[in-house]
Each structure stands twice: as C-alpha cells, then as structure tokens.
>>> print(open('entry.txt').read())   # compact mmCIF, C-alpha atoms
# COMPACT_ATOMS: atom_id res chain seq x y z
CA MET E 6 62.39 -59.12 -110.95
CA THR E 7 61.37 -55.68 -112.25
CA LYS E 8 62.23 -52.83 -109.91
CA PHE E 9 59.74 -49.96 -109.98
CA ALA E 10 60.03 -46.64 -108.19
CA ILE E 11 57.55 -43.92 -107.33
CA ILE E 12 59.54 -40.75 -107.86
CA GLN E 13 59.33 -37.44 -106.05
CA GLU E 14 57.40 -34.73 -107.92
CA ARG E 15 59.86 -31.89 -108.48
CA LYS E 16 57.98 -29.58 -110.83
CA THR E 17 56.99 -26.12 -109.59
CA PRO E 18 54.29 -25.37 -108.52
CA PRO E 19 54.34 -28.59 -106.50
CA ASP E 20 51.89 -31.37 -107.32
CA ARG E 21 50.78 -33.62 -104.45
CA ARG E 22 49.44 -36.42 -106.69
CA VAL E 23 51.20 -39.76 -107.15
CA VAL E 24 50.81 -42.75 -109.47
CA PHE E 25 50.10 -45.20 -106.61
CA SER E 26 48.73 -44.81 -103.10
CA PRO E 27 50.21 -47.04 -100.37
CA GLU E 28 47.16 -49.31 -100.59
CA GLY E 29 47.46 -49.38 -104.38
CA LEU E 30 51.06 -50.55 -104.13
CA GLN E 31 50.14 -53.26 -101.63
CA LYS E 32 47.49 -54.52 -104.07
CA THR E 33 49.96 -54.42 -106.97
CA VAL E 34 52.64 -56.41 -105.12
CA ARG E 35 50.05 -59.00 -104.07
CA GLN E 36 49.00 -59.40 -107.69
CA PHE E 37 52.52 -59.40 -109.17
CA ASP E 38 54.91 -60.94 -106.68
CA SER E 39 57.92 -60.44 -108.96
CA ALA E 40 57.39 -56.67 -108.92
CA GLU E 41 59.51 -54.76 -106.45
CA PHE E 42 58.57 -51.20 -105.49
CA LYS E 43 60.47 -48.41 -103.80
CA VAL E 44 59.19 -44.93 -103.02
CA GLU E 45 61.44 -41.89 -103.26
CA THR E 46 61.05 -39.72 -100.18
CA SER E 47 58.86 -36.63 -100.69
CA PRO E 48 57.91 -33.71 -98.44
CA ILE E 49 54.82 -32.76 -100.49
CA ARG E 50 53.10 -35.98 -101.56
CA VAL E 51 49.48 -36.36 -100.36
CA PHE E 52 50.49 -39.71 -98.82
CA GLU E 53 53.37 -39.24 -96.40
CA ASP E 54 56.50 -41.40 -96.40
CA ALA E 55 55.24 -43.04 -93.19
CA HIS E 56 52.05 -44.17 -94.95
CA TYR E 57 54.13 -46.17 -97.44
CA GLN E 58 56.40 -47.57 -94.74
CA GLU E 59 53.35 -48.70 -92.76
CA ALA E 60 52.19 -50.49 -95.93
CA GLY E 61 55.50 -52.36 -96.06
CA ILE E 62 56.98 -50.32 -98.95
CA GLU E 63 60.61 -49.20 -98.71
CA VAL E 64 61.11 -45.40 -98.76
CA VAL E 65 64.50 -44.34 -100.11
CA ASP E 66 66.57 -41.22 -100.82
CA THR E 67 67.63 -42.39 -104.26
CA VAL E 68 65.95 -44.56 -106.89
CA ALA E 69 69.03 -44.96 -109.06
CA ASP E 70 68.95 -48.76 -108.68
CA CYS E 71 65.38 -49.05 -110.03
CA ASP E 72 64.45 -49.82 -113.65
CA VAL E 73 61.05 -48.19 -114.17
CA LEU E 74 60.42 -44.74 -112.66
CA LEU E 75 56.82 -43.62 -112.23
CA GLY E 76 55.87 -39.95 -111.90
CA VAL E 77 52.98 -37.62 -112.68
CA LYS E 78 54.27 -34.27 -113.95
CA GLU E 79 57.32 -33.50 -116.10
CA VAL E 80 60.65 -34.43 -114.51
CA PRO E 81 63.11 -31.50 -114.44
CA ILE E 82 66.01 -32.14 -116.82
CA SER E 83 68.55 -32.01 -113.98
CA ALA E 84 66.73 -34.83 -112.16
CA LEU E 85 66.54 -37.25 -115.10
CA ILE E 86 68.54 -40.45 -114.54
CA PRO E 87 70.11 -41.76 -117.78
CA GLN E 88 69.17 -45.13 -119.27
CA LYS E 89 65.96 -45.62 -117.25
CA LYS E 90 62.37 -46.21 -118.24
CA TYR E 91 60.20 -43.23 -117.21
CA PHE E 92 56.44 -42.76 -117.07
CA PHE E 93 55.10 -39.20 -116.73
CA PHE E 94 53.02 -36.59 -118.53
CA SER E 95 55.70 -35.06 -120.77
CA HIS E 96 53.44 -32.55 -122.54
CA THR E 97 55.42 -32.95 -125.76
CA ILE E 98 53.12 -34.89 -128.10
CA LYS E 99 51.54 -31.67 -129.41
CA LYS E 100 55.00 -30.12 -129.90
CA GLN E 101 54.65 -27.87 -126.87
CA PRO E 102 57.56 -25.40 -127.23
CA TYR E 103 58.18 -25.13 -123.48
CA ASN E 104 59.11 -28.84 -123.24
CA ARG E 105 61.25 -29.25 -126.35
CA ASP E 106 64.44 -29.26 -124.26
CA LEU E 107 62.95 -31.92 -121.99
CA LEU E 108 62.33 -34.32 -124.88
CA LYS E 109 65.78 -33.55 -126.25
CA ALA E 110 67.32 -34.38 -122.86
CA VAL E 111 65.34 -37.64 -122.69
CA LEU E 112 66.90 -38.65 -126.03
CA ASP E 113 70.38 -37.47 -125.05
CA LYS E 114 70.24 -39.49 -121.82
CA ASN E 115 69.03 -42.62 -123.66
CA ILE E 116 65.82 -42.73 -121.59
CA GLU E 117 62.83 -44.82 -122.61
CA LEU E 118 59.91 -42.42 -122.18
CA TYR E 119 56.33 -43.60 -121.81
CA ASP E 120 53.81 -40.75 -121.69
CA HIS E 121 50.65 -41.38 -119.65
CA GLU E 122 48.69 -39.45 -122.27
CA VAL E 123 49.45 -42.02 -124.98
CA ILE E 124 48.71 -45.14 -122.96
CA VAL E 125 45.86 -46.20 -125.23
CA ASN E 126 44.07 -49.30 -126.43
CA GLU E 127 44.14 -50.61 -130.01
CA GLN E 128 41.38 -48.16 -130.97
CA GLY E 129 43.41 -45.22 -129.64
CA MET E 130 41.20 -44.62 -126.60
CA ARG E 131 43.07 -43.44 -123.51
CA LEU E 132 43.27 -46.02 -120.74
CA ILE E 133 44.46 -43.89 -117.83
CA GLY E 134 44.27 -40.27 -116.75
CA PHE E 135 42.86 -37.80 -114.28
CA GLY E 136 39.91 -36.74 -116.45
CA ARG E 137 37.21 -38.02 -114.10
CA TYR E 138 38.54 -35.93 -111.23
CA ALA E 139 38.94 -32.86 -113.45
CA GLY E 140 35.21 -33.17 -114.17
CA ILE E 141 34.26 -33.73 -110.53
CA VAL E 142 36.27 -30.78 -109.21
CA GLY E 143 35.34 -28.55 -112.16
CA ALA E 144 31.61 -29.03 -111.63
CA TYR E 145 31.99 -28.42 -107.88
CA ASN E 146 34.05 -25.27 -108.50
CA GLY E 147 31.39 -24.02 -110.92
CA PHE E 148 28.70 -24.38 -108.26
CA ARG E 149 30.97 -22.54 -105.82
CA ALA E 150 31.31 -19.69 -108.37
CA LEU E 151 27.53 -19.66 -108.89
CA GLY E 152 26.97 -19.32 -105.15
CA LEU E 153 29.47 -16.47 -104.88
CA LYS E 154 28.02 -14.62 -107.89
CA THR E 155 24.39 -14.93 -106.81
CA LYS E 156 25.14 -14.64 -103.08
CA THR E 157 22.71 -17.52 -102.48
CA PHE E 158 25.05 -20.11 -100.98
CA SER E 159 28.67 -20.60 -99.98
CA LEU E 160 30.98 -23.54 -100.63
CA PRO E 161 34.60 -23.88 -99.43
CA LYS E 162 37.37 -24.30 -101.99
CA ALA E 163 37.79 -27.90 -103.10
CA THR E 164 41.49 -27.75 -102.26
CA SER E 165 40.62 -27.18 -98.57
CA LEU E 166 38.72 -30.49 -98.44
CA VAL E 167 40.43 -33.75 -97.57
CA ASP E 168 38.67 -35.92 -100.15
CA LYS E 169 35.60 -36.43 -102.34
CA ALA E 170 33.52 -37.55 -99.34
CA ALA E 171 34.19 -34.19 -97.67
CA MET E 172 33.19 -32.44 -100.90
CA GLU E 173 29.93 -34.38 -100.97
CA HIS E 174 29.28 -33.40 -97.36
CA GLU E 175 29.49 -29.73 -98.40
CA LEU E 176 27.17 -30.36 -101.36
CA ASP E 177 24.63 -31.93 -98.97
CA GLN E 178 24.03 -28.46 -97.53
CA LEU E 179 22.99 -26.93 -100.89
CA THR E 180 19.52 -25.88 -101.91
CA LEU E 181 19.67 -24.93 -105.57
CA PRO E 182 17.38 -22.45 -107.30
CA ALA E 183 15.48 -23.47 -110.45
CA ILE E 184 18.40 -23.18 -112.86
CA LYS E 185 19.24 -24.87 -116.13
CA ILE E 186 22.66 -26.51 -116.52
CA VAL E 187 24.19 -27.72 -119.79
CA LEU E 188 27.16 -30.11 -119.82
CA THR E 189 29.15 -30.73 -123.03
CA GLY E 190 31.08 -33.98 -123.28
CA LYS E 191 30.41 -37.64 -122.57
CA GLY E 192 33.95 -38.87 -121.94
CA LYS E 193 35.79 -39.24 -118.63
CA VAL E 194 35.69 -35.49 -117.92
CA GLY E 195 32.03 -35.03 -118.84
CA ASN E 196 30.98 -38.09 -116.87
CA GLY E 197 33.02 -36.93 -113.88
CA ALA E 198 31.07 -33.66 -113.90
CA LYS E 199 27.85 -35.67 -114.27
CA GLU E 200 28.68 -37.48 -111.01
CA ILE E 201 28.34 -34.17 -109.15
CA LEU E 202 25.07 -33.26 -110.89
CA ASP E 203 23.65 -36.68 -110.07
CA TYR E 204 24.92 -36.56 -106.49
CA LEU E 205 22.95 -33.32 -106.08
CA LYS E 206 19.90 -35.20 -107.43
CA ILE E 207 19.49 -32.61 -110.18
CA ARG E 208 16.97 -33.90 -112.69
CA GLU E 209 18.39 -34.90 -116.08
CA VAL E 210 16.10 -33.94 -118.97
CA SER E 211 16.11 -34.52 -122.73
CA VAL E 212 17.40 -31.97 -125.24
CA GLU E 213 13.85 -31.24 -126.37
CA GLU E 214 12.59 -30.70 -122.80
CA TYR E 215 15.59 -28.56 -121.92
CA ILE E 216 15.16 -26.22 -124.85
CA THR E 217 11.38 -25.90 -124.82
CA LYS E 218 10.19 -26.23 -121.22
CA THR E 219 10.50 -24.24 -118.02
CA PHE E 220 10.95 -25.99 -114.70
CA ASP E 221 10.41 -25.14 -111.05
CA GLU E 222 13.54 -27.11 -110.08
CA ALA E 223 17.18 -27.30 -111.19
CA VAL E 224 17.62 -29.47 -114.30
CA TYR E 225 20.50 -30.43 -116.56
CA VAL E 226 21.19 -31.88 -119.99
CA GLN E 227 24.39 -33.66 -121.04
CA ILE E 228 25.06 -33.19 -124.74
CA ASP E 229 27.42 -34.74 -127.25
CA VAL E 230 28.99 -33.25 -130.40
CA LEU E 231 26.05 -33.86 -132.75
CA GLU E 232 23.67 -32.09 -130.36
CA TYR E 233 25.65 -28.85 -130.26
CA ASN E 234 26.97 -28.94 -133.84
CA LYS E 235 25.14 -29.36 -137.16
CA ARG E 236 26.25 -29.92 -140.73
CA LYS E 237 26.22 -26.84 -142.93
CA ASP E 238 24.31 -28.75 -145.63
CA GLY E 239 21.64 -29.95 -143.20
CA GLN E 240 22.49 -33.64 -143.47
CA VAL E 241 22.24 -35.65 -140.27
CA LEU E 242 25.10 -38.15 -140.23
CA ASP E 243 27.06 -39.86 -137.45
CA LYS E 244 29.78 -38.82 -135.02
CA LYS E 245 32.42 -40.38 -137.23
CA ASP E 246 31.50 -37.91 -139.96
CA PHE E 247 31.89 -35.03 -137.50
CA TYR E 248 35.36 -36.20 -136.44
CA ASN E 249 36.44 -36.83 -140.04
CA ASN E 250 34.93 -33.62 -141.51
CA PRO E 251 34.71 -31.03 -138.73
CA GLN E 252 35.00 -28.21 -141.29
CA GLU E 253 31.58 -29.21 -142.65
CA TYR E 254 29.91 -28.31 -139.34
CA VAL E 255 28.81 -25.15 -137.52
CA SER E 256 27.93 -24.70 -133.87
CA ASP E 257 24.31 -25.20 -132.85
CA PHE E 258 25.00 -24.30 -129.22
CA MET E 259 23.06 -21.04 -129.13
CA ARG E 260 19.80 -22.97 -128.76
CA PHE E 261 21.20 -24.15 -125.41
CA ALA E 262 22.96 -20.88 -124.48
CA SER E 263 19.68 -18.95 -124.78
CA VAL E 264 18.09 -20.96 -121.94
CA THR E 265 21.14 -21.91 -119.81
CA ASP E 266 22.27 -20.42 -116.50
CA TYR E 267 25.35 -22.58 -115.83
CA TYR E 268 27.53 -24.21 -118.48
CA ILE E 269 30.07 -26.98 -117.75
CA ALA E 270 32.54 -27.51 -120.60
CA GLY E 271 33.76 -31.09 -120.32
CA HIS E 272 34.23 -31.89 -124.01
CA PHE E 273 37.34 -32.76 -126.00
CA TYR E 274 37.95 -30.11 -128.66
CA GLY E 275 39.51 -31.36 -131.89
CA ASP E 276 41.43 -29.28 -134.43
CA GLY E 277 39.16 -27.80 -137.08
CA ALA E 278 35.94 -28.24 -135.08
CA PRO E 279 33.60 -25.23 -134.80
CA PHE E 280 33.90 -23.03 -131.72
CA ILE E 281 31.09 -23.84 -129.28
CA PHE E 282 30.28 -20.19 -128.74
CA THR E 283 32.12 -17.18 -130.12
CA ARG E 284 32.68 -13.69 -128.75
CA GLU E 285 29.92 -12.50 -131.07
CA ASP E 286 27.57 -15.17 -129.70
CA ALA E 287 28.25 -13.97 -126.16
CA LYS E 288 27.21 -10.43 -127.16
CA SER E 289 23.80 -11.62 -128.33
CA PRO E 290 20.80 -10.52 -126.22
CA ASP E 291 19.72 -14.18 -126.39
CA PHE E 292 22.89 -15.38 -124.63
CA ASN E 293 21.76 -16.28 -121.12
CA ILE E 294 24.76 -18.12 -119.55
CA LYS E 295 25.85 -16.58 -116.22
CA VAL E 296 28.54 -19.06 -115.11
CA VAL E 297 31.01 -21.14 -117.16
CA ALA E 298 33.07 -23.94 -115.61
CA ASP E 299 35.53 -24.58 -118.43
CA VAL E 300 37.12 -27.88 -117.43
CA SER E 301 38.57 -28.37 -120.92
CA CYS E 302 40.28 -24.96 -120.70
CA ASP E 303 41.34 -24.27 -124.29
CA ILE E 304 42.58 -20.68 -124.32
CA ASP E 305 41.19 -18.35 -127.01
CA GLY E 306 39.33 -21.36 -128.30
CA PRO E 307 35.87 -22.92 -128.42
CA VAL E 308 34.57 -21.26 -125.24
CA ALA E 309 34.93 -17.55 -125.94
CA SER E 310 34.81 -16.42 -122.32
CA THR E 311 37.97 -18.39 -121.44
CA LEU E 312 40.62 -15.73 -121.88
CA ARG E 313 43.23 -17.42 -119.69
CA PRO E 314 43.60 -20.33 -117.29
CA SER E 315 42.78 -19.47 -113.69
CA THR E 316 44.58 -20.89 -110.67
CA ILE E 317 43.67 -22.98 -107.66
CA ALA E 318 44.55 -19.97 -105.49
CA ASP E 319 42.44 -17.57 -107.60
CA PRO E 320 40.01 -19.75 -109.58
CA ILE E 321 37.38 -17.26 -110.80
CA TYR E 322 37.37 -14.23 -113.07
CA GLY E 323 34.78 -12.28 -115.05
CA TYR E 324 34.31 -11.90 -118.80
CA ASP E 325 32.63 -8.78 -120.19
CA ALA E 326 31.13 -9.82 -123.52
CA ALA E 327 30.69 -6.26 -124.75
CA THR E 328 34.36 -5.34 -124.38
CA GLU E 329 35.69 -8.90 -124.82
CA SER E 330 37.85 -8.34 -121.77
CA GLU E 331 38.43 -9.58 -118.24
CA VAL E 332 36.57 -7.85 -115.42
CA ASP E 333 35.79 -8.53 -111.78
CA PHE E 334 33.48 -11.55 -111.67
CA MET E 335 31.07 -9.66 -109.40
CA ASP E 336 30.59 -6.96 -112.07
CA PRO E 337 26.87 -7.10 -113.04
CA LYS E 338 27.84 -7.44 -116.73
CA ALA E 339 30.30 -10.31 -116.11
CA ILE E 340 29.97 -13.91 -117.19
CA VAL E 341 31.65 -15.80 -114.35
CA VAL E 342 34.51 -18.01 -115.57
CA MET E 343 36.15 -20.89 -113.69
CA ALA E 344 39.02 -22.16 -115.85
CA VAL E 345 41.51 -23.86 -113.52
CA ASP E 346 43.73 -26.02 -115.74
CA ASN E 347 45.01 -28.45 -113.06
CA LEU E 348 41.74 -29.34 -111.33
CA PRO E 349 42.64 -32.90 -110.19
CA CYS E 350 45.37 -31.37 -107.98
CA GLU E 351 42.54 -30.14 -105.73
CA LEU E 352 41.56 -33.71 -104.81
CA PRO E 353 45.02 -35.33 -104.80
CA LYS E 354 44.12 -38.29 -102.57
CA ASP E 355 41.11 -39.50 -104.59
CA ALA E 356 42.75 -38.64 -107.92
CA SER E 357 45.87 -40.64 -107.03
CA GLU E 358 43.87 -43.65 -105.85
CA GLY E 359 41.82 -43.64 -109.06
CA PHE E 360 44.90 -43.24 -111.25
CA GLY E 361 46.64 -46.16 -109.51
CA GLU E 362 43.65 -48.44 -110.09
CA MET E 363 43.80 -47.72 -113.83
CA PHE E 364 47.59 -48.11 -113.93
CA LEU E 365 47.39 -51.48 -112.19
CA LYS E 366 44.66 -52.68 -114.53
CA HIS E 367 46.10 -51.50 -117.84
CA VAL E 368 49.87 -50.98 -117.54
CA ILE E 369 51.52 -53.13 -114.87
CA PRO E 370 50.38 -56.45 -116.46
CA ALA E 371 52.20 -55.50 -119.67
CA PHE E 372 55.53 -55.86 -117.85
CA PHE E 373 54.72 -59.48 -116.98
CA ASN E 374 52.86 -60.76 -120.07
CA ASN E 375 55.41 -59.66 -122.67
CA ASP E 376 53.21 -56.64 -123.51
CA ALA E 377 50.59 -58.95 -125.00
CA ASP E 378 48.16 -56.10 -125.78
CA GLY E 379 50.79 -53.69 -127.13
CA VAL E 380 50.12 -51.09 -124.44
CA LEU E 381 53.82 -50.39 -123.81
CA ALA E 382 54.70 -50.45 -127.50
CA ARG E 383 52.08 -47.78 -128.27
CA ALA E 384 53.13 -45.54 -125.37
CA ARG E 385 56.92 -45.85 -125.87
CA MET E 386 57.98 -42.51 -127.32
CA THR E 387 61.75 -42.98 -127.22
CA GLN E 388 64.15 -45.93 -127.32
CA ASP E 389 67.92 -46.27 -127.84
CA GLY E 390 68.29 -42.48 -128.01
CA LYS E 391 65.79 -42.12 -130.85
CA LEU E 392 62.09 -41.39 -131.30
CA THR E 393 60.13 -44.57 -131.98
CA PRO E 394 58.39 -44.77 -135.40
CA ARG E 395 54.99 -43.88 -133.92
CA TYR E 396 56.44 -40.56 -132.65
CA ALA E 397 58.86 -39.82 -135.48
CA TYR E 398 56.64 -36.84 -136.36
CA LEU E 399 58.29 -35.05 -133.42
CA GLN E 400 61.80 -35.12 -134.97
CA ALA E 401 61.65 -31.62 -136.49
CA TYR E 402 60.28 -30.34 -133.14
CA VAL E 403 63.22 -31.94 -131.30
CA ASP E 404 65.63 -30.44 -133.81
CA GLY E 405 64.14 -26.98 -133.28
CA GLU E 406 62.94 -26.73 -136.87
CA GLU E 407 59.28 -26.19 -135.94
>>> encode(input="entry.txt", output="structure tokens")
Amino acid sequence: MTKFAIIQERKTPPDRRVVFSPEGLQKTVRQFDSAEFKVETSPIRVFEDAHYQEAGIEVVDTVADCDVLLGVKEVPISALIPQKKYFFFSHTIKKQPYNRDLLKAVLDKNIELYDHEVIVNEQGMRLIGFGRYAGIVGAYNGFRALGLKTKTFSLPKATSLVDKAAMEHELDQLTLPAIKIVLTGKGKVGNGAKEILDYLKIREVSVEEYITKTFDEAVYVQIDVLEYNKRKDGQVLDKKDFYNNPQEYVSDFMRFASVTDYYIAGHFYGDGAPFIFTREDAKSPDFNIKVVADVSCDIDGPVASTLRPSTIADPIYGYDAATESEVDFMDPKAIVVMAVDNLPCELPKDASEGFGEMFLKHVIPAFFNNDADGVLARARMTQDGKLTPRYAYLQAYVDGEE
C-alpha cells in the first residue's frame, strides 16, 4: 500500500491550486485500490477540506505518516519532512539562484525530489503542467486589456470568475472590432490561447491571407517558429534545424507586427534563438501592435515590451517604445502589456482538475507498474542525499560555485 498525501501550499503569495480535486482523487482510488490518499488541511485551497471529506478522503493535520507528498509550488525549507518522496515545481533545474538553498535542504534531508517540470516521456516532451490554462487565461486577459485600452468593451478580471464556464459567459457578451490577432506557439500554452480565439468564433486565416489581405471581421493566425524566423542564408529547412542551430536564424516577425493589433505570445523561447521583436523593431513606424499578452513572460527577452512580470492584482502596464520605458497603459503612445507570470492561479479550479487528470494518466500508474515507462526515473532529481546522474549538472549550483 502506497500512502500519498496532498500537502498544504505554504508559499507566499498563496496559491489555491492543488494536484488533485476531490473528484480526481475518487477516480484515482477507484483505479488503484492499493493507493491510499490523505489531504493535509488547508485554509486557502480552491477545494475546501469539506469537499474532500464528502468525497470520502481523510483530511488530516499532519502527513508525516505518508510516503509520497504531492504539492504544486515550492515547499518552504522549514516545512520539508525528511526522507519522503516529494512532487512539486522546485524551480531549480535552470539553476535559479533564489532556490539553491531549497535544493540543498532537499539533499540534506535525504528527500527524493520529483519536479513536475521534468515529468517527461522518452522523447523529452512534458507530460503534465498548467500550460493550457496559462494560455486560456492569458488570451482572456489580453482581450480584457484591449477593451480597457480602446474603451470598446469591459471584461471582469479572470480571478473574479469561478471557472472557465463563467469566463466563457463573459466572452459571450463581446462584439469584437475588425482586428488582426497573431499567436506564436503551437504547444500547450499556444493551443490553450487558441481555445479562447476559437470560442469567440474568430476566423483563423493562413499566413499569406493574414499578411496580404484586409478583413471586415476579427481574424487570427497561429504561427510556429519557422513562420516567424528565417535562416540568415535563405535556406528553408525543418524545425529540427532551427532548434539545433538557432544562431543561424533571424526574426521574420515584423511582417506580422506591421499588420497586427493584438499579439499573444504563447511560444517556448530557447537559448540562442532570435528575439521575436526587439526594442528597435518596436520603434519602427511599421510596428502596428497595440496590445501584447505575453503568456511566456521572459523578462528582457524575445518580446521587447515585456519589461517586468505583472501581477494578478495589477496585470497591465504600458510600454513606450520611443523611451524604452514603462508608462501608464492608457498613454496614447503606450503598447499595452499583460505579462502576469502565474496565470493558471486565476482559474484554480479548472487548472487543478486538468492537472490531476494528467497526473493520474501519466504518473500514478508508475507507482504500480514498477515504473515501466521510466517516468519516475526521468523525473527523480535526488536520491539517497545525492543528485541523480541525470541532474548531476546541478552539483556546482548546489555547492554555490555557480
């Protein structure tokens, strides 16, 4: 019998998401009858303690008797229980300096850490995450910013809505002007944003149509890396070449920026890839983008207008291209920027339900089939007080040498 626990989220600011909803746990226990689940009491979780109790799940004050502890955000060092298996987003795989002490504590306490971010298949593709909901909320927030900037319509904040159905109800009231929308990215984030565009029945057009034609209705185009980047030598190769040789490419995004009103950035940005648009690009008289929903939110990176992350409480700011500085988003010269970096927190119920479905499908079976697909082996960052070979590259980071 493996004892699992859903742990209380203790990071500040508080996060209301959870790995499993009450219904998700019921489904898991039905599927794996030798799995036992407890839920640590929480005053902030989107599903209340009573919801779990009604589903027949025990709610407890301590999870010290459980083997596998499931959380979302980083666990504060003081709350880590030695010699347990933990799942959470540790934000250490890129050597983030602010979490070095956390990884060190995990090793010191002989904890087996599994990071949600590195739960991948044999090809290295991520199996679970909140990307879809980042895209959904990001696209919605961008429309809200567009309405505020143009004073043509008004949407409530996503965080004030109970779930995705309530968000869709608000979108049902919209009448959009004849604008052009470009969406970068075709992964979970990009396709999450696409769900909102399609829900609004915005017409999807080809790259050629988007760039060359005018429309009397709102339209959008979803583009992948080879449509907004081109090789310096003019060769047209495949995506693999782009990922292997990003330094051989330059951005070709200005052909979209010159005709776009609203840009949704839902791409993954890899090291060495060209910036999508630069500060110089944004100064061009041909640059037409009025609103940027930067779901990817890389600071001082590929989307020049993203100077800083914004917050759920204050999600929008303005970027003045001429001065390369932040201004009020209602300033006539401002490009409106929405760059909230924890978007799924705004739809915690739906995001948690979706996450649990993926966790049940891809992770829980590994505990009962001797990890037949290697999912746990690939995600196990630490074991027996040491980094596992796959994550040995983090040793100098742990030692404070880089």
>>> residues_around(input="entry.txt", residues="segment 90-107 of chain E", least_positions_apart="6", cutoff="9 Å", atoms="all atoms listed in the file", output="PyMOL selection string")
chain E and resi 72-82+116-123+396+399+402-405+407
>>> write_last_selection(input="entry.txt", atoms="C-alpha atoms", output="PDB file, keeping the file's coordinate frame")
ATOM      1  CA  ASP E  72      64.450 -49.820-113.650  1.00  0.00           C
ATOM      2  CA  VAL E  73      61.050 -48.190-114.170  1.00  0.00           C
ATOM      3  CA  LEU E  74      60.420 -44.740-112.660  1.00  0.00           C
ATOM      4  CA  LEU E  75      56.820 -43.620-112.230  1.00  0.00           C
ATOM      5  CA  GLY E  76      55.870 -39.950-111.900  1.00  0.00           C
ATOM      6  CA  VAL E  77      52.980 -37.620-112.680  1.00  0.00           C
ATOM      7  CA  LYS E  78      54.270 -34.270-113.950  1.00  0.00           C
ATOM      8  CA  GLU E  79      57.320 -33.500-116.100  1.00  0.00           C
ATOM      9  CA  VAL E  80      60.650 -34.430-114.510  1.00  0.00           C
ATOM     10  CA  PRO E  81      63.110 -31.500-114.440  1.00  0.00           C
ATOM     11  CA  ILE E  82      66.010 -32.140-116.820  1.00  0.00           C
ATOM     12  CA  ILE E 116      65.820 -42.730-121.590  1.00  0.00           C
ATOM     13  CA  GLU E 117      62.830 -44.820-122.610  1.00  0.00           C
ATOM     14  CA  LEU E 118      59.910 -42.420-122.180  1.00  0.00           C
ATOM     15  CA  TYR E 119      56.330 -43.600-121.810  1.00  0.00           C
ATOM     16  CA  ASP E 120      53.810 -40.750-121.690  1.00  0.00           C
ATOM     17  CA  HIS E 121      50.650 -41.380-119.650  1.00  0.00           C
ATOM     18  CA  GLU E 122      48.690 -39.450-122.270  1.00  0.00           C
ATOM     19  CA  VAL E 123      49.450 -42.020-124.980  1.00  0.00           C
ATOM     20  CA  TYR E 396      56.440 -40.560-132.650  1.00  0.00           C
ATOM     21  CA  LEU E 399      58.290 -35.050-133.420  1.00  0.00           C
ATOM     22  CA  TYR E 402      60.280 -30.340-133.140  1.00  0.00           C
ATOM     23  CA  VAL E 403      63.220 -31.940-131.300  1.00  0.00           C
ATOM     24  CA  ASP E 404      65.630 -30.440-133.810  1.00  0.00           C
ATOM     25  CA  GLY E 405      64.140 -26.980-133.280  1.00  0.00           C
ATOM     26  CA  GLU E 407      59.280 -26.190-135.940  1.00  0.00           C
TER      27      GLU E 407
END
>>> closest_residue(input="entry.txt", among="E:Ile294, E:Glu232, E:Ala40, E:Pro307", to="Tyr324 of chain E", atoms="only C-alpha atoms")
E:Ile294
>>> atom_distance(input="entry.txt", atom1="atom CA of Glu63 of chain E", atom2="atom CA of Leu166 of chain E")
28.8 Å
>>> closest_residue(input="entry.txt", among="E:Lys162, E:Lys114, E:Lys43, E:Arg383", to="Ile321 of chain E", atoms="all atoms listed in the file")
E:Lys162
>>> residues_around(input="entry.txt", residues="segment 128-142 of chain E", least_positions_apart="5", cutoff="8 Å", atoms="all atoms listed in the file", output="list of chain:residue names")
E:His121, E:Glu122, E:Val123, E:Ala163, E:Lys193, E:Val194, E:Gly195, E:Asn196, E:Gly197, E:Ala198, E:Lys199, E:Glu200, E:Ile201, E:Gly271, E:Val300, E:Asn347, E:Leu348, E:Pro349, E:Glu351, E:Leu352, E:Asp355, E:Ala356, E:Gly359, E:Phe360, E:Met363, E:Phe364, E:His367
>>> closest_residue(input="entry.txt", among="E:Thr46, E:Thr7, E:Asn146, E:Asn249", to="Ile62 of chain E", atoms="all atoms listed in the file")
E:Thr46
>>> atom_distance(input="entry.txt", atom1="atom CA of Pro182 of chain E", atom2="atom CA of Glu329 of chain E")
28.7 Å
>>> closest_residue(input="entry.txt", among="E:Glu41, E:Asp229, E:Glu406, E:Asp333", to="Lys191 of chain E", atoms="only C-alpha atoms")
E:Asp229
>>> residues_around(input="entry.txt", residues="Glu222 of chain E", least_positions_apart="6", cutoff="8 Å", atoms="all atoms listed in the file", output="list in words")
Leu181, Pro182, Ala183 and Ile184 of chain E
>>> closest_residue(input="entry.txt", among="E:Ala84, E:Ile369, E:Ile281, E:Val224", to="Phe42 of chain E", atoms="all atoms listed in the file")
E:Ile369
>>> atom_distance(input="entry.txt", atom1="atom CA of Ala382 of chain E", atom2="atom CA of Asp38 of chain E")
23.3 Å
>>> decode(input="entry.txt", residues="segment 325-336 of chain E", atoms="N, CA and C atoms", output="mmCIF file, in the first residue's frame")
data_model
loop_
_atom_site.group_PDB
_atom_site.id
_atom_site.type_symbol
_atom_site.label_atom_id
_atom_site.label_comp_id
_atom_site.auth_asym_id
_atom_site.auth_seq_id
_atom_site.Cartn_x
_atom_site.Cartn_y
_atom_site.Cartn_z
ATOM 1 N N ASP E 325 6.442 52.375 -23.601
ATOM 2 C CA ASP E 325 6.693 53.450 -24.556
ATOM 3 C C ASP E 325 7.915 53.057 -25.376
ATOM 4 N N ALA E 326 7.702 52.751 -26.645
ATOM 5 C CA ALA E 326 8.794 52.270 -27.490
ATOM 6 C C ALA E 326 9.879 53.320 -27.676
ATOM 7 N N ALA E 327 9.482 54.577 -27.751
ATOM 8 C CA ALA E 327 10.460 55.640 -28.012
ATOM 9 C C ALA E 327 11.459 55.773 -26.878
ATOM 10 N N THR E 328 10.974 55.675 -25.646
ATOM 11 C CA THR E 328 11.850 55.850 -24.472
ATOM 12 C C THR E 328 12.282 54.516 -23.866
ATOM 13 N N GLU E 329 11.737 53.418 -24.406
ATOM 14 C CA GLU E 329 12.023 52.068 -23.908
ATOM 15 C C GLU E 329 11.731 51.943 -22.415
ATOM 16 N N SER E 330 10.646 52.565 -22.004
ATOM 17 C CA SER E 330 10.346 52.606 -20.572
ATOM 18 C C SER E 330 8.869 52.336 -20.305
ATOM 19 N N GLU E 331 8.575 52.054 -19.046
ATOM 20 C CA GLU E 331 7.194 51.789 -18.638
ATOM 21 C C GLU E 331 6.428 53.096 -18.475
ATOM 22 N N VAL E 332 5.198 53.088 -18.980
ATOM 23 C CA VAL E 332 4.296 54.244 -18.829
ATOM 24 C C VAL E 332 2.905 53.716 -18.488
ATOM 25 N N ASP E 333 2.003 54.637 -18.197
ATOM 26 C CA ASP E 333 0.609 54.253 -17.981
ATOM 27 C C ASP E 333 0.060 53.621 -19.268
ATOM 28 N N PHE E 334 -0.650 52.506 -19.125
ATOM 29 C CA PHE E 334 -1.092 51.813 -20.346
ATOM 30 C C PHE E 334 -2.107 52.613 -21.145
ATOM 31 N N MET E 335 -2.736 53.611 -20.518
ATOM 32 C CA MET E 335 -3.690 54.451 -21.252
ATOM 33 C C MET E 335 -3.011 55.595 -21.987
ATOM 34 N N ASP E 336 -1.706 55.772 -21.787
ATOM 35 C CA ASP E 336 -0.950 56.780 -22.542
ATOM 36 C C ASP E 336 -1.121 56.478 -24.037
#
